[in-house]
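Asks: I'd like to ask you about the structure that follows.
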Amino acid sequence: MAGFTPEELLERSLRLIRQQREIYGDFPVDMDAFTSEKPEAEHKEKHSEPMFTEDAPTEYKAQAEIQDSPLTEAELIQNCTTLDELRELCHNAEVLKTDLPNTNLVFGVGNPNADLMIVGEAPGENEDKQGEPFVGKAGQLLDKIMEAINFRRSDIYIANILKHRPPNNRDPKPEERQRSLPYLLRQIELVDPKLILCVGRISATTLLNQDSSLGKMRKKFHSFHGRELMATYHPAALLRNPQWKRPTWEDVQLLRARYDELGGQP
């Protein structure tokens with residue numbers, strides 16, 4: 001390279017090697033190639049492929065970083081195109097776990113193409129054991145409520161905000177709900193229901209992102225990501241407070257009427 005002293009040439013070459021190592025990782029270098037006196041033609045033959053210019057490494061480094069960087073959590077979720085893929089992702093997602101150790105994933109159950117999706121709050125002990133939402137006494141009551149408005153369990157899709165059981169069946173913490181929400185939203189997108197029924201205040205406030213009482217959220221349909229969402233009492237609350245069964249019955253009758261208006265199947 002005309003115009004450079006041997007020392008300058010060596011420094012430029014070493015700088016180029018450092019830049020390339022930043023892009024491609026460590027690799028061995030034959031230092032004799034820089035110190036041995038060899039004919040110019042031999043050096044040209046050895047380096048016949050074009051080398052990076054000083055302006056190029058930044059561009060190549062950026063491209064390499066993009067190619068080598070892992071996908072973000074949001075990208076992994078969005079890349080799930082089926083419920084089975086999302087279930088597998090949830091199975092391996094540490095962020096979905098609560099501070100109760102050794103719990104099972106409770107993903108969701110029902111018709112994957114349902115026009116009605118029910119969203120609860122969190123799995124309980126029975127749900128944790130069976131890996132299925134709403135299978136205890138509250139689940140049995142939910143089945144009876146749905147049967148009263150002509151829905152079988154196999155007609156609908158059921159999931160929870162949380163995918164793992166919290167200790168002592170406590171309410172989900174705000175941070176747990178926020179960590180779980182992106183996975184649930186993708187689950188809703190994949191099922192693609194016309195209507196969503198949130199059972200319990202926590203479920204409704206999480207999806208609607210508002211801090212309201214259940215009484216203020218009931219008796220109406222809320223717009224939710226191009227769908228309609230309704231809120232009512234959680235079946236577990238009905239077991240403790242039988243006086244709420246009448247308003248719940250009114251809610252689900254309204255739900256059924258709207259389902260039929262929207263052409264829900266079956």
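Residue names in the structure tokens use chain letters A, B, ... in the order shown, residue numbers from 1 in each chain, and ligand numbers from 1 in the order shown.
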Just want the 12 Å neighbourhood of region 93-106 of chain A, counted on only C-alpha atoms, with same-chain residues fewer than 5 positions away dropped. Output as a PyMOL selection string.
Replies: chain A and resi 73+76-77+86-88+120-135+158-184
Asks: From a backbone DSSP assignment, name each residue in region 65-264 of chain A labelled strand (DSSP E), as a list in words.
Replies: Val109, Gly110, Leu116, Met117, Ile118, Val119, Gly120, Tyr157, Ile158, Ala159, Asn160, Leu195, Ile196, Leu197, Cys198, Val199, His222, Ser223, Phe224, Arg227, Glu228, Leu229, Met230, Ala231 and Thr232 of chain A
Asks: Measure the distance from CA of Leu229 (chain A) to CA of Ile196 (chain A) in Å and round it to one decimal.
Replies: 4.6 Å
Asks: Extract, using only C-alpha atoms, all DNA, RNA and protein residues at most 12 Å from Pro235 (chain A), discarding same-chain residues fewer than 5 positions from it, and format them as JSON, numbers by chain.
Replies: {"A": [118, 119, 120, 121, 134, 135, 136, 137, 138, 139, 140, 141, 142, 143, 144, 145, 146, 198, 199, 200, 201, 240, 241, 242, 244, 245, 248, 249]}
Asks: Limited to N, CA and C atoms, could you put the picked residues into a file as an mmCIF file, in the first residue's frame?
Replies:
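Contents of out.cif, as written:
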data_model
loop_
_atom_site.group_PDB
_atom_site.id
_atom_site.type_symbol
_atom_site.label_atom_id
_atom_site.label_comp_id
_atom_site.auth_asym_id
_atom_site.auth_seq_id
_atom_site.Cartn_x
_atom_site.Cartn_y
_atom_site.Cartn_z
ATOM 1 N N ILE A 118 -64.385 -17.425 27.167
ATOM 2 C CA ILE A 118 -64.535 -17.032 28.566
ATOM 3 C C ILE A 118 -63.152 -16.895 29.184
ATOM 4 N N VAL A 119 -62.933 -15.778 29.868
ATOM 5 C CA VAL A 119 -61.625 -15.514 30.477
ATOM 6 C C VAL A 119 -61.809 -15.324 31.979
ATOM 7 N N GLY A 120 -61.165 -16.191 32.748
ATOM 8 C CA GLY A 120 -61.176 -16.085 34.191
ATOM 9 C C GLY A 120 -59.925 -15.413 34.709
ATOM 10 N N GLU A 121 -59.626 -15.638 35.986
ATOM 11 C CA GLU A 121 -58.527 -14.918 36.620
ATOM 12 C C GLU A 121 -57.250 -15.742 36.743
ATOM 13 N N PHE A 134 -61.112 -24.166 35.091
ATOM 14 C CA PHE A 134 -62.498 -24.319 35.539
ATOM 15 C C PHE A 134 -62.944 -25.792 35.580
ATOM 16 N N VAL A 135 -62.297 -26.571 36.438
ATOM 17 C CA VAL A 135 -62.690 -27.972 36.594
ATOM 18 C C VAL A 135 -63.135 -28.295 38.017
ATOM 19 N N GLY A 136 -63.016 -27.332 38.945
ATOM 20 C CA GLY A 136 -63.470 -27.549 40.310
ATOM 21 C C GLY A 136 -64.943 -27.199 40.452
ATOM 22 N N LYS A 137 -65.366 -26.867 41.666
ATOM 23 C CA LYS A 137 -66.765 -26.526 41.911
ATOM 24 C C LYS A 137 -67.187 -25.291 41.119
ATOM 25 N N ALA A 138 -66.297 -24.297 41.029
ATOM 26 C CA ALA A 138 -66.613 -23.102 40.246
ATOM 27 C C ALA A 138 -66.766 -23.457 38.772
ATOM 28 N N GLY A 139 -65.938 -24.373 38.297
ATOM 29 C CA GLY A 139 -66.044 -24.801 36.901
ATOM 30 C C GLY A 139 -67.333 -25.545 36.621
ATOM 31 N N GLN A 140 -67.750 -26.369 37.569
ATOM 32 C CA GLN A 140 -69.011 -27.087 37.412
ATOM 33 C C GLN A 140 -70.186 -26.119 37.361
ATOM 34 N N LEU A 141 -70.134 -25.074 38.197
ATOM 35 C CA LEU A 141 -71.194 -24.062 38.148
ATOM 36 C C LEU A 141 -71.154 -23.300 36.831
ATOM 37 N N LEU A 142 -69.966 -23.002 36.340
ATOM 38 C CA LEU A 142 -69.852 -22.322 35.044
ATOM 39 C C LEU A 142 -70.480 -23.158 33.939
ATOM 40 N N ASP A 143 -70.230 -24.470 33.960
ATOM 41 C CA ASP A 143 -70.838 -25.355 32.961
ATOM 42 C C ASP A 143 -72.365 -25.281 33.021
ATOM 43 N N LYS A 144 -72.926 -25.245 34.223
ATOM 44 C CA LYS A 144 -74.383 -25.181 34.369
ATOM 45 C C LYS A 144 -74.932 -23.859 33.854
ATOM 46 N N ILE A 145 -74.204 -22.776 34.113
ATOM 47 C CA ILE A 145 -74.624 -21.465 33.619
ATOM 48 C C ILE A 145 -74.626 -21.457 32.092
ATOM 49 N N MET A 146 -73.572 -21.997 31.491
ATOM 50 C CA MET A 146 -73.483 -22.028 30.037
ATOM 51 C C MET A 146 -74.549 -22.947 29.436
ATOM 52 N N CYS A 198 -65.745 -11.978 30.429
ATOM 53 C CA CYS A 198 -64.816 -11.956 31.548
ATOM 54 C C CYS A 198 -65.584 -12.287 32.819
ATOM 55 N N VAL A 199 -65.154 -13.304 33.535
ATOM 56 C CA VAL A 199 -65.793 -13.667 34.792
ATOM 57 C C VAL A 199 -64.893 -13.205 35.932
ATOM 58 N N GLY A 200 -65.376 -12.225 36.673
ATOM 59 C CA GLY A 200 -64.604 -11.663 37.769
ATOM 60 C C GLY A 200 -64.037 -10.297 37.432
ATOM 61 N N ARG A 201 -63.908 -9.474 38.447
ATOM 62 C CA ARG A 201 -63.426 -8.103 38.259
ATOM 63 C C ARG A 201 -61.999 -8.065 37.729
ATOM 64 N N ARG A 240 -70.028 -18.255 47.015
ATOM 65 C CA ARG A 240 -69.957 -17.577 48.316
ATOM 66 C C ARG A 240 -71.114 -16.597 48.520
ATOM 67 N N ASN A 241 -71.631 -16.081 47.423
ATOM 68 C CA ASN A 241 -72.675 -15.047 47.487
ATOM 69 C C ASN A 241 -73.826 -15.413 46.552
ATOM 70 N N PRO A 242 -74.721 -16.276 46.978
ATOM 71 C CA PRO A 242 -75.818 -16.731 46.109
ATOM 72 C C PRO A 242 -76.705 -15.595 45.597
ATOM 73 N N TRP A 244 -75.882 -13.091 44.098
ATOM 74 C CA TRP A 244 -75.384 -12.583 42.817
ATOM 75 C C TRP A 244 -75.766 -13.483 41.644
ATOM 76 N N LYS A 245 -76.418 -14.579 41.907
ATOM 77 C CA LYS A 245 -76.787 -15.484 40.813
ATOM 78 C C LYS A 245 -77.825 -14.847 39.888
ATOM 79 N N THR A 248 -76.197 -12.408 37.541
ATOM 80 C CA THR A 248 -75.382 -13.178 36.598
ATOM 81 C C THR A 248 -76.260 -13.798 35.521
ATOM 82 N N TRP A 249 -77.401 -14.310 35.921
ATOM 83 C CA TRP A 249 -78.343 -14.882 34.961
ATOM 84 C C TRP A 249 -78.804 -13.833 33.961
#
Asks: Could you check how far CA of Leu116 (chain A) sits from CA of Asn92 (chain A), in Å to one decimal?
Replies: 27.4 Å
